[in-house]
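Dumped target.pdb below, it's PDB, C-alpha atoms:
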MODEL        1
ATOM      1  CA  MET A1107     -14.549   9.332 -23.177  1.00  0.00           C
ATOM      2  CA  ASN A1108     -14.455  10.943 -19.764  1.00  0.00           C
ATOM      3  CA  ALA A1109     -11.296  12.523 -18.471  1.00  0.00           C
ATOM      4  CA  TYR A1110     -10.125  11.037 -15.206  1.00  0.00           C
ATOM      5  CA  LEU A1111      -7.822  12.824 -12.825  1.00  0.00           C
ATOM      6  CA  SER A1112      -5.528  10.520 -10.917  1.00  0.00           C
ATOM      7  CA  PRO A1113      -5.646  10.770  -7.126  1.00  0.00           C
ATOM      8  CA  VAL A1114      -1.833  10.719  -7.075  1.00  0.00           C
ATOM      9  CA  PRO A1115      -0.584  14.255  -6.374  1.00  0.00           C
ATOM     10  CA  VAL A1116       2.105  15.909  -8.469  1.00  0.00           C
ATOM     11  CA  PRO A1117       5.482  15.138  -6.849  1.00  0.00           C
ATOM     12  CA  SER A1118       6.625  17.921  -4.574  1.00  0.00           C
ATOM     13  CA  ALA A1119       8.261  18.244  -1.179  1.00  0.00           C
ATOM     14  CA  ASP A1120       4.933  19.350   0.298  1.00  0.00           C
ATOM     15  CA  ALA A1121       2.593  17.004  -1.608  1.00  0.00           C
ATOM     16  CA  VAL A1122      -0.401  15.956   0.471  1.00  0.00           C
ATOM     17  CA  SER A1123      -1.921  12.494   0.450  1.00  0.00           C
ATOM     18  CA  PRO A1124      -5.398  12.419  -1.088  1.00  0.00           C
ATOM     19  CA  GLY A1125      -6.382  10.288   1.896  1.00  0.00           C
ATOM     20  CA  ILE A1126      -8.615   7.271   2.287  1.00  0.00           C
ATOM     21  CA  TYR A1127     -11.269   6.821  -0.399  1.00  0.00           C
ATOM     22  CA  ARG A1128     -14.460   5.201   0.923  1.00  0.00           C
ATOM     23  CA  GLU A1129     -16.753   5.307  -2.117  1.00  0.00           C
ATOM     24  CA  ILE A1130     -17.800   2.053  -3.785  1.00  0.00           C
ATOM     25  CA  TYR A1131     -16.759   1.580  -7.424  1.00  0.00           C
ATOM     26  CA  GLY A1132     -16.101  -1.178  -9.914  1.00  0.00           C
ATOM     27  CA  MET A1133     -12.454  -1.985  -9.256  1.00  0.00           C
ATOM     28  CA  PRO A1134     -10.402  -1.900 -12.476  1.00  0.00           C
ATOM     29  CA  ALA A1135      -7.676  -3.950 -10.768  1.00  0.00           C
ATOM     30  CA  PHE A1136      -7.017  -5.403  -7.341  1.00  0.00           C
ATOM     31  CA  ALA A1137      -4.735  -7.883  -5.629  1.00  0.00           C
ATOM     32  CA  THR A1138      -5.860 -10.800  -3.473  1.00  0.00           C
ATOM     33  CA  LEU A1139      -3.622 -11.866  -0.607  1.00  0.00           C
ATOM     34  CA  ILE A1140      -3.889 -15.246   1.069  1.00  0.00           C
ATOM     35  CA  ALA A1141      -3.191 -14.938   4.798  1.00  0.00           C
ATOM     36  CA  SER A1142      -2.143 -17.609   7.281  1.00  0.00           C
ATOM     37  CA  ASP A1143      -3.524 -15.408  10.084  1.00  0.00           C
ATOM     38  CA  ILE A1144      -6.107 -13.071   8.607  1.00  0.00           C
ATOM     39  CA  ALA A1145      -6.394 -10.993  11.805  1.00  0.00           C
ATOM     40  CA  ALA A1146      -2.620 -10.370  11.917  1.00  0.00           C
ATOM     41  CA  THR A1147      -2.513  -9.538   8.209  1.00  0.00           C
ATOM     42  CA  VAL A1148      -5.433  -7.096   8.426  1.00  0.00           C
ATOM     43  CA  ASP A1149      -3.854  -5.535  11.532  1.00  0.00           C
ATOM     44  CA  TRP A1150      -0.574  -4.990   9.617  1.00  0.00           C
ATOM     45  CA  TYR A1151      -2.253  -3.287   6.682  1.00  0.00           C
ATOM     46  CA  VAL A1152      -4.637  -1.174   8.782  1.00  0.00           C
ATOM     47  CA  ASN A1153      -2.507  -0.208  11.775  1.00  0.00           C
ATOM     48  CA  VAL A1154       0.883   0.010  10.067  1.00  0.00           C
ATOM     49  CA  LEU A1155       0.342   0.873   6.403  1.00  0.00           C
ATOM     50  CA  GLY A1156      -2.729   3.092   6.707  1.00  0.00           C
ATOM     51  CA  PHE A1157      -5.327   1.015   4.865  1.00  0.00           C
ATOM     52  CA  ILE A1158      -8.916   0.829   6.101  1.00  0.00           C
ATOM     53  CA  GLU A1159     -11.144  -2.201   6.342  1.00  0.00           C
ATOM     54  CA  LEU A1160     -13.796  -1.241   3.796  1.00  0.00           C
ATOM     55  CA  PHE A1161     -15.797  -4.369   4.569  1.00  0.00           C
ATOM     56  CA  SER A1162     -15.461  -7.879   5.929  1.00  0.00           C
ATOM     57  CA  MET A1163     -17.490 -10.916   4.946  1.00  0.00           C
ATOM     58  CA  PRO A1164     -17.709 -13.562   7.699  1.00  0.00           C
ATOM     59  CA  GLY A1165     -17.363 -17.235   6.925  1.00  0.00           C
ATOM     60  CA  PRO A1166     -19.504 -19.978   8.482  1.00  0.00           C
ATOM     61  CA  ASP A1167     -17.123 -20.216  11.471  1.00  0.00           C
ATOM     62  CA  GLY A1168     -17.297 -16.466  12.143  1.00  0.00           C
ATOM     63  CA  VAL A1169     -13.739 -15.868  10.909  1.00  0.00           C
ATOM     64  CA  PRO A1170     -13.658 -13.461   7.959  1.00  0.00           C
ATOM     65  CA  ALA A1171     -13.800 -15.279   4.623  1.00  0.00           C
ATOM     66  CA  LEU A1172     -12.885 -12.057   2.797  1.00  0.00           C
ATOM     67  CA  VAL A1173     -11.694  -8.633   3.929  1.00  0.00           C
ATOM     68  CA  HIS A1174     -11.600  -5.686   1.526  1.00  0.00           C
ATOM     69  CA  LEU A1175      -8.845  -3.201   2.394  1.00  0.00           C
ATOM     70  CA  ARG A1176      -8.331   0.171   0.756  1.00  0.00           C
ATOM     71  CA  ARG A1177      -6.045   3.169   0.984  1.00  0.00           C
ATOM     72  CA  TRP A1178      -6.366   5.743  -1.810  1.00  0.00           C
ATOM     73  CA  ALA A1179      -8.776   5.355  -4.721  1.00  0.00           C
ATOM     74  CA  PHE A1180      -7.811   2.249  -6.710  1.00  0.00           C
ATOM     75  CA  GLN A1181      -5.465   0.966  -3.991  1.00  0.00           C
ATOM     76  CA  ASP A1182      -7.574  -2.073  -3.114  1.00  0.00           C
ATOM     77  CA  LEU A1183      -6.498  -5.350  -1.525  1.00  0.00           C
ATOM     78  CA  LEU A1184      -8.686  -8.362  -0.849  1.00  0.00           C
ATOM     79  CA  VAL A1185      -7.494 -10.677   1.925  1.00  0.00           C
ATOM     80  CA  ARG A1186      -8.658 -14.284   2.292  1.00  0.00           C
ATOM     81  CA  PRO A1187      -7.668 -16.918   4.839  1.00  0.00           C
ATOM     82  CA  ALA A1188      -5.268 -19.553   3.552  1.00  0.00           C
ATOM     83  CA  PRO A1189      -6.714 -23.048   3.196  1.00  0.00           C
ATOM     84  CA  GLU A1190      -3.256 -24.442   4.007  1.00  0.00           C
ATOM     85  CA  THR A1191       0.172 -23.216   5.118  1.00  0.00           C
ATOM     86  CA  VAL A1192       1.310 -20.096   3.302  1.00  0.00           C
ATOM     87  CA  VAL A1193       4.749 -20.352   1.734  1.00  0.00           C
ATOM     88  CA  SER A1194       6.574 -17.036   1.908  1.00  0.00           C
ATOM     89  CA  GLY A1195       7.952 -15.819  -1.374  1.00  0.00           C
ATOM     90  CA  ASN A1196       8.904 -12.766  -3.330  1.00  0.00           C
ATOM     91  CA  SER A1197       7.668 -13.585  -6.808  1.00  0.00           C
ATOM     92  CA  VAL A1198       5.159 -10.715  -6.759  1.00  0.00           C
ATOM     93  CA  THR A1199       5.750  -7.207  -5.532  1.00  0.00           C
ATOM     94  CA  LEU A1200       2.897  -4.722  -5.254  1.00  0.00           C
ATOM     95  CA  SER A1201       3.646  -1.016  -5.516  1.00  0.00           C
ATOM     96  CA  PHE A1202       1.428   1.749  -4.168  1.00  0.00           C
ATOM     97  CA  ALA A1203       1.745   5.471  -4.741  1.00  0.00           C
ATOM     98  CA  ALA A1204       2.585   7.548  -1.683  1.00  0.00           C
ATOM     99  CA  VAL A1205       3.762  11.057  -0.903  1.00  0.00           C
ATOM    100  CA  LEU A1206       7.194  11.833   0.522  1.00  0.00           C
ATOM    101  CA  ALA A1207       5.808  12.948   3.888  1.00  0.00           C
ATOM    102  CA  GLU A1208       4.272   9.485   4.518  1.00  0.00           C
ATOM    103  CA  LEU A1209       7.378   7.381   4.056  1.00  0.00           C
ATOM    104  CA  ASP A1210       9.199   8.069   7.323  1.00  0.00           C
ATOM    105  CA  GLU A1211       5.922   7.508   9.190  1.00  0.00           C
ATOM    106  CA  PHE A1212       5.523   4.067   7.527  1.00  0.00           C
ATOM    107  CA  VAL A1213       9.013   3.108   8.697  1.00  0.00           C
ATOM    108  CA  ALA A1214       8.530   4.323  12.285  1.00  0.00           C
ATOM    109  CA  THR A1215       5.066   2.771  12.640  1.00  0.00           C
ATOM    110  CA  ALA A1216       6.134  -0.573  11.188  1.00  0.00           C
ATOM    111  CA  ARG A1217       9.184  -0.832  13.428  1.00  0.00           C
ATOM    112  CA  ALA A1218       7.140   0.027  16.528  1.00  0.00           C
ATOM    113  CA  HIS A1219       4.428  -2.474  15.568  1.00  0.00           C
ATOM    114  CA  GLY A1220       6.602  -5.482  14.771  1.00  0.00           C
ATOM    115  CA  CYS A1221       5.083  -8.509  13.012  1.00  0.00           C
ATOM    116  CA  GLY A1222       6.113  -7.515   9.461  1.00  0.00           C
ATOM    117  CA  GLU A1223       9.291  -5.939   8.139  1.00  0.00           C
ATOM    118  CA  VAL A1224      10.201  -2.546   6.731  1.00  0.00           C
ATOM    119  CA  LEU A1225      13.416  -1.263   5.170  1.00  0.00           C
ATOM    120  CA  ASP A1226      14.777   2.274   5.254  1.00  0.00           C
ATOM    121  CA  PRO A1227      13.635   4.556   2.409  1.00  0.00           C
ATOM    122  CA  ILE A1228      15.849   4.532  -0.673  1.00  0.00           C
ATOM    123  CA  ASP A1229      16.156   6.935  -3.588  1.00  0.00           C
ATOM    124  CA  THR A1230      15.862   5.257  -6.977  1.00  0.00           C
ATOM    125  CA  ARG A1231      17.389   6.108 -10.327  1.00  0.00           C
ATOM    126  CA  TRP A1232      13.855   6.611 -11.704  1.00  0.00           C
ATOM    127  CA  ASN A1233      13.208   9.651  -9.499  1.00  0.00           C
ATOM    128  CA  THR A1234      11.298   8.095  -6.617  1.00  0.00           C
ATOM    129  CA  ARG A1235      11.850   7.474  -2.925  1.00  0.00           C
ATOM    130  CA  ASP A1236      10.686   3.974  -2.006  1.00  0.00           C
ATOM    131  CA  VAL A1237       9.931   2.098   1.200  1.00  0.00           C
ATOM    132  CA  ARG A1238       9.864  -1.694   0.950  1.00  0.00           C
ATOM    133  CA  THR A1239       7.620  -3.532   3.420  1.00  0.00           C
ATOM    134  CA  THR A1240       6.962  -7.219   3.959  1.00  0.00           C
ATOM    135  CA  ASP A1241       3.728  -8.351   5.596  1.00  0.00           C
ATOM    136  CA  PRO A1242       3.441 -11.252   8.088  1.00  0.00           C
ATOM    137  CA  ASP A1243       3.086 -13.777   5.208  1.00  0.00           C
ATOM    138  CA  GLY A1244       6.084 -12.509   3.232  1.00  0.00           C
ATOM    139  CA  ASN A1245       4.160 -10.435   0.662  1.00  0.00           C
ATOM    140  CA  THR A1246       6.184  -7.451  -0.517  1.00  0.00           C
ATOM    141  CA  LEU A1247       4.674  -3.992  -0.887  1.00  0.00           C
ATOM    142  CA  ILE A1248       6.588  -0.939  -1.992  1.00  0.00           C
ATOM    143  CA  PHE A1249       5.323   2.538  -1.251  1.00  0.00           C
ATOM    144  CA  THR A1250       6.769   4.876  -3.845  1.00  0.00           C
ATOM    145  CA  ALA A1251       6.751   8.680  -3.842  1.00  0.00           C
ATOM    146  CA  GLY A1252       7.960  10.798  -6.733  1.00  0.00           C
ATOM    147  CA  HIS A1253      10.692  13.337  -6.116  1.00  0.00           C
ATOM    148  CA  PRO A1254       9.933  16.875  -7.248  1.00  0.00           C
ATOM    149  CA  LEU A1255      11.648  17.946 -10.453  1.00  0.00           C
ATOM    150  CA  ALA A1256      14.109  20.821 -10.345  1.00  0.00           C
ATOM    151  CA  GLU A1257      12.403  23.872 -11.817  1.00  0.00           C
ATOM    152  CA  GLY A1258      12.867  24.443 -15.486  1.00  0.00           C
ATOM    153  CA  ASN A1259      15.065  21.484 -16.380  1.00  0.00           C
ATOM    154  CA  GLY A1260      13.048  18.346 -15.652  1.00  0.00           C
ATOM    155  CA  VAL A1261      15.911  16.869 -13.643  1.00  0.00           C
ATOM    156  CA  PRO A1262      15.131  15.133 -10.350  1.00  0.00           C
ATOM    157  CA  ASN A1263      15.587  17.335  -7.334  1.00  0.00           C
ATOM    158  CA  LEU A1264      17.054  14.611  -5.111  1.00  0.00           C
ATOM    159  CA  PRO A1265      17.874  15.371  -1.495  1.00  0.00           C
TER     160      PRO A1265
ENDMDL
END
So, in terms of structure tokens, how does the structure I just supplied come out?
Amino acid sequence: MNAYLSPVPVPSADAVSPGIYREIYGMPAFATLIASDIAATVDWYVNVLGFIELFSMPGPDGVPALVHLRRWAFQDLLVRPAPETVVSGNSVTLSFAAVLAELDEFVATARAHGCGEVLDPIDTRWNTRDVRTTDPDGNTLIFTAGHPLAEGNGVPNLP
């Protein structure tokens, strides 16, 4: 068995994002989002949340039939146009690893952009700082960054 090192950095106040991963790989897991307006949804994920459009497959009418979005390695989303009206709901929440330094930028960018929704960062009891976002179709994504542990005792070093 090969050892795999996660792209998620060790939690620290100065942790650096591993950045966009552009290589092609067999995806061990991914989410598919159905979008009422695929252009608006792709715009939200790319221009607000820092994903890239890895590729787009056009449909017969020229509108994308599938868009593959990615952020870090193994943070893949496939977006397809909805065949009918999308009903907003919160039955599924997707969580993506982040670093502390990114969270305030997500909030500021989302609020300046409009279209979706973003809440202020919150500190959780499980030692993370989370930002909850909602895309134009009501899909919920949480960006979660681990807090550094206080040296020597394994206790969260919360702000």
If you measure from atom CA of Cys1221 of chain A to atom CA of Val1114 of chain A, what distance in Å do you get, rounded to one decimal?
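Computing the Euclidean distance for atom CA of Cys1221 of chain A and atom CA of Val1114 of chain A yields 28.7 Å.
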Selection: 10 Å around segment 1137-1145 of chain A, all atoms listed in the file, excl. self and same-chain fewer than 5 positions, as a ChimeraX atom specification:
/A:1150,1169-1174,1181-1193,1200,1241-1245
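If only C-alpha atoms are the atoms counted, then among A:Ala1251, A:Ile1228, A:Ala1179, A:Ala1207 the closest residue to Ala1135 of chain A is A:Ala1179.
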Residue nearest Thr1215 of chain A among A:Thr1199, A:Thr1250, A:Ser1123, A:Thr1239 (counting only C-alpha atoms)
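Between A:Thr1199, A:Thr1250, A:Ser1123, A:Thr1239, the residue approaching Thr1215 of chain A most closely is A:Thr1239.
Reported to one decimal place, the separation of atom CA of Glu1211 of chain A from atom CA of Asp1226 of chain A is 11.0 Å.
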Convert the output of the PyMOL selection byres ((chain A and resi 1236) around 9) on the shown file into explicit residues, formatted as a JSON list (two decimals) with C-alpha atoms, keeping the file's coordinate frame.
[["chain", "number", "residue", "atom", "x", "y", "z"],
["A", 1204, "ALA", "CA", 2.58, 7.55, -1.68],
["A", 1206, "LEU", "CA", 7.19, 11.83, 0.52],
["A", 1209, "LEU", "CA", 7.38, 7.38, 4.06],
["A", 1226, "ASP", "CA", 14.78, 2.27, 5.25],
["A", 1227, "PRO", "CA", 13.64, 4.56, 2.41],
["A", 1228, "ILE", "CA", 15.85, 4.53, -0.67],
["A", 1229, "ASP", "CA", 16.16, 6.94, -3.59],
["A", 1230, "THR", "CA", 15.86, 5.26, -6.98],
["A", 1234, "THR", "CA", 11.30, 8.10, -6.62],
["A", 1235, "ARG", "CA", 11.85, 7.47, -2.92],
["A", 1237, "VAL", "CA", 9.93, 2.10, 1.20],
["A", 1238, "ARG", "CA", 9.86, -1.69, 0.95],
["A", 1248, "ILE", "CA", 6.59, -0.94, -1.99],
["A", 1249, "PHE", "CA", 5.32, 2.54, -1.25],
["A", 1250, "THR", "CA", 6.77, 4.88, -3.84],
["A", 1251, "ALA", "CA", 6.75, 8.68, -3.84],
["A", 1252, "GLY", "CA", 7.96, 10.80, -6.73]]
Enclose segment 1234-1245 of chain A, meaning all of its atoms listed in the file, in a box aligned along x, y and z, pad it by 5 Å on each side, and list the centre and edge lengths in Å to one decimal, as AutoDock Vina command-line options.
--center_x 7.5 --center_y -2.8 --center_z 0.7 --size_x 18.8 --size_y 31.9 --size_z 24.7
Tell me, as a PDB file with C-alpha atoms, keeping the file's coordinate frame, which residues lie within 8 Å of Leu1155 of chain A, counting all atoms listed in the file; anything in the same chain fewer than 3 positions away does not count.
ATOM      1  CA  TRP A1150      -0.574  -4.990   9.617  1.00  0.00           C
ATOM      2  CA  TYR A1151      -2.253  -3.287   6.682  1.00  0.00           C
ATOM      3  CA  VAL A1152      -4.637  -1.174   8.782  1.00  0.00           C
ATOM      4  CA  PHE A1212       5.523   4.067   7.527  1.00  0.00           C
ATOM      5  CA  ALA A1216       6.134  -0.573  11.188  1.00  0.00           C
TER       6      ALA A1216
END
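Closest approach to Thr1246 of chain A among A:Glu1208, A:Gly1165, A:Phe1157, A:Phe1202 is made by A:Phe1202 (distances from all atoms listed in the file).
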Between atom CA of Asp1120 of chain A and atom CA of His1253 of chain A, what is the distance in Å, rounded to a tenth?
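Spanning atom CA of Asp1120 of chain A to atom CA of His1253 of chain A is a straight-line distance of 10.5 Å.
Take the candidates A:His1219, A:Leu1175, A:Leu1111, A:Ser1201 and check each one against Ile1158 of chain A using only C-alpha atoms; the shortest distance goes to A:Leu1175.
Each of A:Asn1153, A:Pro1164, A:Arg1176, A:Pro1124 was compared to Ser1112 of chain A using all atoms listed in the file, and A:Pro1124 turns out to be the nearest.
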